[in-house]
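Let me begin by presenting the structure, written as structure tokens, before commenting on it.
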Amino acid sequence: MTAVILDGIVLGLQFGVLAVGLTLVYGLGGVLNLAYGQMAVVAAIAAALGMDAGLPAGAAVGVGLLVGGVFGLLLDTTLLRPVYRLRGEARVLLSLLLTLGLAFVVDGLLTWQLPLEALTLHIGGGAVEILGVPMRRGSLWASGISVAVFVSLFFFFRGTMLGRAVRSIIQDEEGARLVGIDPNRMRTLILVSSGVLAGLVAVTRSMTIPVTVTSGISITIFALIVTVVGGLGSVAGAFLAGLLLGIINSVSSFYIGTFLTLIILLSAAALTILIRPSGLLGTPE
Amino acid sequence: MTARFTRGTGTSLVGGSERRSSRSLLALFLPVAAVGAALALVPLWLSDSRLMMGLAIGGLLFACYAIAFNVVFGSTGQLFLSTGALAGIGAYGAALLGDRLGFPIVVSVVLATLAASLIGGLLSWIAVRRSLDVIFIGIVTLIFALSFENLLLGLGDLTGGESGFSLESGSDTFLREQIPPYYLFLGLVLLFLIVHGLLRRSHIGWAFRALRDDKVAAELTGVNVARYRIYGGLIGSGMLGMAGAIYAFNEGRISPSTFSFGEVDVVVLVMLAFGGIGTLLGPVLGAVVFTVFDEVLVEFGQLRVVAYGALIIVLFLWIPRGVIPTMGSLWQSRRLRRESAGSSPTDPPH
């Protein structure tokens with residue numbers, strides 16, 4: 001049981017980081033990015049190709065994160081430009097449809113050109129014992145990176161001017177504009193960070209299971225579930241929901257089975273929308 | 001180019017473009033009859049090939065899906081991302097009733113249709129009760145669709161899991177022949193078109209339009225928004241269930257991938273966006289065009305997925321009203337220009 005819960009925490013931390021990348025873009029731009037999982041996959045494939053080409057693992061990961069960021073930048077400066085001109089519901093609807101299209105384009109291109117490419121990072125060394133449970137070193141690395149990301153995000157949003165500027169736009173775009181914050185630049189920043197975060201999750205995930213070219217859709221679905229449960233636009237909510245759902249996921253797949261586990265997670269998201277649409281830590285409208 | 005998007009505050013992508021022609025019944029039935037007559041001729045030159053007839057039936061099936069999705073999304077602005085799942089409920093429901101429980105085919109189809117209709121209506125009811133906006137309806141129905149797909153895979157004993165479900169019943173009826181099922185599905189398409197057409201003309205249609213154009217104003221003038229959205233969900237989902245159920249008996253084999261999000265919802269979205277969201281005949285035209293297009297694309301393998309993704313982007317970004325309505329109004333404005341130019345022999349070059 002302890003082992004299952006520890007596994008859940010490892011997964012949950014990754015879920016949390018994954019959801020942050022999605023939730024920030026929604027909170028800031030009112031954009032629901034259904035091509036989010038494809039961002040992660042493209043970053044992972046770039047890292048895998050880098051390693052095929054003989055780069056050391058660290059450099060390959062760097063290439064992957066860079067590619068994730070560039071993906072975000074391109075998305076922001078091309079496809080999402082017309083989306084930003086809309087307001088409210090119409091903006092989210094158009095963003096959802098356009099990124100759904102993009103997800104299929106990226107998926108199709110990847111399976112066409114690189115059907116067998118996958119990223120697996122082998123972290124050397126054996127298992128380490130924690131609470132009497134042997135943990136794979138990859139899992140520990142993945143968790144350490146995820147925690148570090150959360151801590152730095154926390155300081156970024158609370159402690160820096162830039163972070164506060166981003167938060168001000170989430171709260172009130174017009175108000176932020178009035179005090180001289182340029183929403184477009186903040187959005188670009190967040191889209192790029194979102195791409196980097198997606199890439200980071202793909203890399204940390206590949207330390208325990210391989211990330212393949214077809215993983216995109218399931219990554220998006222998990223990110224969406226965690227984001228909804230945590231509250232659209234809430235970073236702390238994403239962290240909490242990630243941990244919670246990660247543990248539920250591990251316990252339930254161990255005791256009940258994989259298909260029903262996904263249904264349980266999906267129901268958690270559906271129930272959240274029905275009972276508390278703003279999510280665990282989101283602010284009600 | 002951008003002005004188009006900023007019209008209205010609500011879901012301005014949806015409809016709002018079709019012109020209301022004469023309200024006489026003839027004006028409704030004439031185009032439907034014309035489409036029916038044109039499609040009725042298809043088997044005359046395809047009937048030699050079992051493969052081609054199968055494709056034609058698939059095209060009509062998707063026309064049914066697209067009309068149903070149009071009733072829900074185009075008319076009441078509810079983004080149901082569970083077209084495939086609701087059709088799947090009809091298909092698996094009918095298959096289980098007919099094959100496992102031994103019900104007659106007609107009874108199975110009716111019960112499965114009711115089941116899909118009630119579930120779709122329930123989704124609408126939930127959305128209305130919780131006053132979910134279009135995005136949350138999309139997310140909830142997408143979650144529903146994914147859960148349904150996983151349920152089919154998880155309950156392998158009942159549904160045959162990934163490899164699917166082979167139906168015994170129906171194998172000795174006309175449903176497995178080549179030509180008769182085509183006309184059955186054509187009848188279904190025409191029935192759905194007439195139902196949708198009558199709906200649009202009735203007070204329900206007026207309420208739908210008021211809802212779509214401005215939900216708040218509609219509510220203020222006494223339109224019961226909740227009730228009409230639930231009607232939309234019930235009717236559209238019932239259509240999906242019926243089409244899926246009949247397809248199950250016709251094909252004799254159903255599997256989760258037949259009703260998956262990627263195989264059904266994305267394609268239906270493209271068909272509707274092409275034909276014109278909220279129009280009467282747009283879904284059928286879109287279905288015809290993309291059935292042919294799909295067959296051309298098959299040999300390109302994965303590029304088919306790319307093409308559909310790119311089409312979604314292009315259609316919603318540049319031609320949000322749909323290709324057919326846009327072409328129609330282009331043609332009309334050119335004709336108007338020519339008429340206003342009178343008999344001047346030289347058109348000004350542009």
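If you're wondering about the labels, chains in the structure tokens are A, B, ... by order shown, residues count from 1 in each chain, ligands from 1 in order shown.
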For segment 84-95 of chain B: contacts at 7 Å, only C-alpha atoms, fewer than 5 positions along chain excluded, given as a ChimeraX atom specification: /B:108-109,112-113,116,145,148,167,237,240-245,247-248,259-261,264-265
Print the selection's residues with C-alpha atoms to a file, as an mmCIF file, in the first residue's frame.
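Okay, again.cif is ready:
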```cif
data_model
loop_
_atom_site.group_PDB
_atom_site.id
_atom_site.type_symbol
_atom_site.label_atom_id
_atom_site.label_comp_id
_atom_site.auth_asym_id
_atom_site.auth_seq_id
_atom_site.Cartn_x
_atom_site.Cartn_y
_atom_site.Cartn_z
ATOM 1 C CA SER B 108 -34.358 -2.982 -30.237
ATOM 2 C CA VAL B 109 -33.933 0.030 -32.496
ATOM 3 C CA ALA B 112 -31.929 2.066 -28.209
ATOM 4 C CA THR B 113 -33.116 5.319 -29.784
ATOM 5 C CA ALA B 116 -29.662 7.610 -26.511
ATOM 6 C CA ALA B 145 -17.545 10.265 -24.648
ATOM 7 C CA PHE B 148 -18.170 5.554 -22.740
ATOM 8 C CA LEU B 167 -24.410 -9.422 -34.438
ATOM 9 C CA SER B 237 -29.395 12.490 -29.446
ATOM 10 C CA LEU B 240 -27.856 9.746 -33.283
ATOM 11 C CA GLY B 241 -29.077 6.703 -31.386
ATOM 12 C CA MET B 242 -31.431 5.650 -34.182
ATOM 13 C CA ALA B 243 -28.783 6.006 -36.892
ATOM 14 C CA GLY B 244 -26.268 4.064 -34.782
ATOM 15 C CA ALA B 245 -28.763 1.301 -33.985
ATOM 16 C CA TYR B 247 -26.099 0.828 -38.628
ATOM 17 C CA ALA B 248 -25.318 -1.931 -36.115
ATOM 18 C CA PHE B 259 -17.758 5.409 -32.510
ATOM 19 C CA SER B 260 -14.572 7.015 -31.173
ATOM 20 C CA PHE B 261 -14.108 10.757 -30.892
ATOM 21 C CA VAL B 264 -16.825 10.431 -35.651
ATOM 22 C CA ASP B 265 -16.806 13.780 -33.884
#
```
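Distance criterion 7 Å to chain B, applied with only C-alpha atoms, yields Leu86, Glu89, Ala90, Val92, Leu93, Leu98, Gly101, Leu102, Phe104, Val105, Gly108, Leu109, Thr111, Trp112, Phe259, Leu260, Ile263, Leu266, Ala270 and Leu274 of chain A on chain A.
If you look at atom CA of Ile225 of chain A and atom CA of Ile256 of chain A, they are 19.5 Å away from each other.
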Best match for closeness to Leu243 of chain A among A:Ser278, A:Ser168, A:Thr227, A:Ser193, counting only C-alpha atoms: A:Thr227
Members of segment 25-176 of chain A assigned helix (DSSP H, G or I) by DSSP, as number ranges by chain: A: 25-29, 36-52, 57-77, 81-84, 88-113, 137-159, 161-171, 173-176
For Trp45 of chain B: contacts at 12 Å, only C-alpha atoms, fewer than 6 positions along chain excluded, given as a ChimeraX atom specification: /B:39,52-53,56,179
Selected residue of minimal separation from Leu190 of chain B among B:Leu81, B:Ile204, B:Leu114, B:Val35, counting only C-alpha atoms: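 So, comparing all the options, the nearest one is B:Val35.
Put simply, atom CA of Leu97 of chain B is 20.6 Å away from atom CA of Ser257 of chain B.
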Among the residues A:Met51, A:Ile219, A:Leu153, A:Leu281, the one that comes closest to Ala238 of chain A [using only C-alpha atoms]: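 Checking each candidate against Ala238 of chain A, we get A:Leu281 as the closest.
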Straight-line distance linking atom CA of Tyr65 of chain B with atom CA of Thr83 of chain B, stated in Å to one decimal: 7.0 Å
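Close contacts of Pro325 of chain B, defined as residues with an atom at most 10 Å away when counting only C-alpha atoms, with chain neighbours fewer than 3 positions off set aside, comprise Ser17, Glu18, Arg19, Phe274, Gly275, Gly276, Ile277, Thr279, Gly282, Ile319, Pro320, Arg321, Gly322, Gly328, Ser329, Leu330 and Trp331 of chain B.
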With N, CA and C atoms retained, write the just-selected residues as a tab-separated table (two decimals), in the first residue's frame.
```
chain	number	residue	atom	x	y	z
B	17	SER	N	-26.40	33.03	-40.13
B	17	SER	CA	-26.06	33.48	-41.46
B	17	SER	C	-27.12	33.11	-42.49
B	18	GLU	N	-27.89	32.09	-42.20
B	18	GLU	CA	-28.79	31.64	-43.27
B	18	GLU	C	-29.94	32.62	-43.44
B	19	ARG	N	-30.32	32.80	-44.66
B	19	ARG	CA	-31.40	33.74	-44.93
B	19	ARG	C	-32.72	33.01	-44.81
B	274	PHE	N	-18.03	22.77	-43.02
B	274	PHE	CA	-17.95	22.95	-44.47
B	274	PHE	C	-19.32	23.32	-45.04
B	275	GLY	N	-20.33	22.56	-44.63
B	275	GLY	CA	-21.66	22.76	-45.19
B	275	GLY	C	-22.36	23.99	-44.65
B	276	GLY	N	-21.95	24.44	-43.49
B	276	GLY	CA	-22.59	25.62	-42.90
B	276	GLY	C	-23.35	25.26	-41.64
B	277	ILE	N	-22.82	25.71	-40.50
B	277	ILE	CA	-23.47	25.40	-39.22
B	277	ILE	C	-24.81	26.12	-39.14
B	279	THR	N	-27.46	25.60	-40.97
B	279	THR	CA	-28.26	25.54	-42.19
B	279	THR	C	-28.96	24.19	-42.28
B	282	GLY	N	-26.84	21.97	-45.29
B	282	GLY	CA	-25.38	21.99	-45.17
B	282	GLY	C	-24.79	20.67	-44.70
B	319	ILE	N	-13.41	30.62	-42.91
B	319	ILE	CA	-14.74	30.47	-43.51
B	319	ILE	C	-15.70	29.99	-42.44
B	320	PRO	N	-15.84	30.75	-41.32
B	320	PRO	CA	-16.63	30.23	-40.21
B	320	PRO	C	-18.09	30.00	-40.56
B	321	ARG	N	-18.60	30.63	-41.63
B	321	ARG	CA	-20.00	30.42	-41.99
B	321	ARG	C	-20.20	29.13	-42.76
B	322	GLY	N	-19.13	28.54	-43.23
B	322	GLY	CA	-19.26	27.34	-44.05
B	322	GLY	C	-19.01	27.67	-45.50
B	328	GLY	N	-22.44	30.64	-51.78
B	328	GLY	CA	-23.77	31.08	-52.16
B	328	GLY	C	-23.90	32.59	-52.12
B	329	SER	N	-23.42	33.20	-51.04
B	329	SER	CA	-23.61	34.64	-50.94
B	329	SER	C	-22.66	35.38	-51.87
B	330	LEU	N	-21.49	34.78	-52.16
B	330	LEU	CA	-20.59	35.39	-53.15
B	330	LEU	C	-21.28	35.45	-54.51
B	331	TRP	N	-21.91	34.31	-54.84
B	331	TRP	CA	-22.58	34.22	-56.13
B	331	TRP	C	-23.71	35.23	-56.21
```
Surrounding residues of Leu131 of chain A excluding itself and chain neighbours under 3 positions, 10 Å, only C-alpha atoms, as a VMD selection string: chain A and resid 2 to 3 6 134 to 135
Output file for the residues above (N, CA and C atoms, as a tab-separated table (two decimals), in the first residue's frame):
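And here's again31.tsv as it stands now:
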```tsv
chain	number	residue	atom	x	y	z
A	2	THR	N	1.90	1.28	0.86
A	2	THR	CA	2.78	2.44	0.87
A	2	THR	C	3.40	2.64	-0.50
A	3	ALA	N	3.81	1.53	-1.11
A	3	ALA	CA	4.45	1.62	-2.42
A	3	ALA	C	3.49	2.23	-3.43
A	6	LEU	N	3.15	5.95	-2.76
A	6	LEU	CA	4.35	6.68	-3.19
A	6	LEU	C	4.37	6.82	-4.71
A	134	PRO	N	11.45	0.24	-2.04
A	134	PRO	CA	12.46	0.58	-3.06
A	134	PRO	C	11.86	1.44	-4.15
A	135	MET	N	12.47	2.62	-4.41
A	135	MET	CA	11.97	3.51	-5.46
A	135	MET	C	13.00	3.58	-6.57
```
Among listed residues B:Asn250, B:Ser169, B:Gln78, B:Ser255, nearest Ser124 of chain B (using only C-alpha atoms):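 So, comparing all the options, the nearest one is B:Gln78.
Backbone DSSP of segment 130-318 of chain B yields strand (DSSP E or B) at Phe165, Ser166, Arg253 and Ile254 of chain B.
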For the selection just defined, write its residues with C-alpha atoms to a file, as a CSV table (one decimal), in the first residue's frame.
```
chain,number,residue,atom,x,y,z
B,165,PHE,CA,-19.3,-7.2,-31.3
B,166,SER,CA,-20.7,-9.4,-34.1
B,253,ARG,CA,-20.2,-5.8,-36.5
B,254,ILE,CA,-19.5,-2.8,-34.3
```
Spatial neighbours of Tyr255 of chain A, 10 Å, only C-alpha atoms, chain gap at least 5 places, as a list in words: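 Contacts, with the query itself left out: Val4, Ser250 and Thr261 of chain A.
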Resulting file, chosen residues, N, CA and C atoms, as an mmCIF file, in the first residue's frame:
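After the write, out.cif holds the following:
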```cif
data_model
loop_
_atom_site.group_PDB
_atom_site.id
_atom_site.type_symbol
_atom_site.label_atom_id
_atom_site.label_comp_id
_atom_site.auth_asym_id
_atom_site.auth_seq_id
_atom_site.Cartn_x
_atom_site.Cartn_y
_atom_site.Cartn_z
ATOM 1 N N VAL A 4 2.238 1.788 -3.368
ATOM 2 C CA VAL A 4 1.245 2.287 -4.320
ATOM 3 C C VAL A 4 1.042 3.784 -4.136
ATOM 4 N N SER A 250 -3.121 5.698 -8.934
ATOM 5 C CA SER A 250 -2.279 4.541 -8.602
ATOM 6 C C SER A 250 -3.058 3.511 -7.803
ATOM 7 N N THR A 261 -10.178 2.888 -13.986
ATOM 8 C CA THR A 261 -9.460 4.002 -13.366
ATOM 9 C C THR A 261 -9.655 5.284 -14.153
#
```
Arg227 of chain B surroundings by only C-alpha atoms, 12 Å radius, close-in-sequence under 2 positions cut, as a list in words: Thr76, Gly121, Leu122, Ser124, Trp125, Ile126, Ala127, Val128, Arg129, Ile204, Ala207, Phe208, Leu211, Glu219, Gly222, Val223, Asn224, Val225, Arg229, Ile230, Tyr231, Gly232, Gly233 and Leu234 of chain B
Save the residues we just selected, C-alpha atoms, as a PDB file, in the first residue's frame?
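Result file is out01.pdb:
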```
ATOM      1  CA  THR B  76     -29.243  25.378 -29.573  1.00  0.00           C
ATOM      2  CA  GLY B 121     -31.417  14.940 -22.866  1.00  0.00           C
ATOM      3  CA  LEU B 122     -29.936  14.255 -19.456  1.00  0.00           C
ATOM      4  CA  SER B 124     -28.580  18.876 -21.738  1.00  0.00           C
ATOM      5  CA  TRP B 125     -30.594  18.961 -18.522  1.00  0.00           C
ATOM      6  CA  ILE B 126     -27.429  18.881 -16.436  1.00  0.00           C
ATOM      7  CA  ALA B 127     -25.874  21.626 -18.554  1.00  0.00           C
ATOM      8  CA  VAL B 128     -28.975  23.769 -18.189  1.00  0.00           C
ATOM      9  CA  ARG B 129     -29.397  23.157 -14.481  1.00  0.00           C
ATOM     10  CA  ILE B 204     -39.449  25.742 -31.195  1.00  0.00           C
ATOM     11  CA  ALA B 207     -37.044  29.933 -29.818  1.00  0.00           C
ATOM     12  CA  PHE B 208     -33.890  28.192 -31.076  1.00  0.00           C
ATOM     13  CA  LEU B 211     -31.519  31.563 -28.208  1.00  0.00           C
ATOM     14  CA  GLU B 219     -34.781  34.768 -21.844  1.00  0.00           C
ATOM     15  CA  GLY B 222     -40.054  34.844 -22.120  1.00  0.00           C
ATOM     16  CA  VAL B 223     -38.367  32.068 -24.114  1.00  0.00           C
ATOM     17  CA  ASN B 224     -37.842  29.143 -21.787  1.00  0.00           C
ATOM     18  CA  VAL B 225     -34.175  28.650 -22.587  1.00  0.00           C
ATOM     19  CA  ARG B 229     -32.073  23.345 -24.960  1.00  0.00           C
ATOM     20  CA  ILE B 230     -33.294  20.083 -23.475  1.00  0.00           C
ATOM     21  CA  TYR B 231     -35.572  19.561 -26.523  1.00  0.00           C
ATOM     22  CA  GLY B 232     -32.524  20.045 -28.732  1.00  0.00           C
ATOM     23  CA  GLY B 233     -30.537  17.506 -26.716  1.00  0.00           C
ATOM     24  CA  LEU B 234     -33.365  14.959 -26.721  1.00  0.00           C
TER      25      LEU B 234
END
```
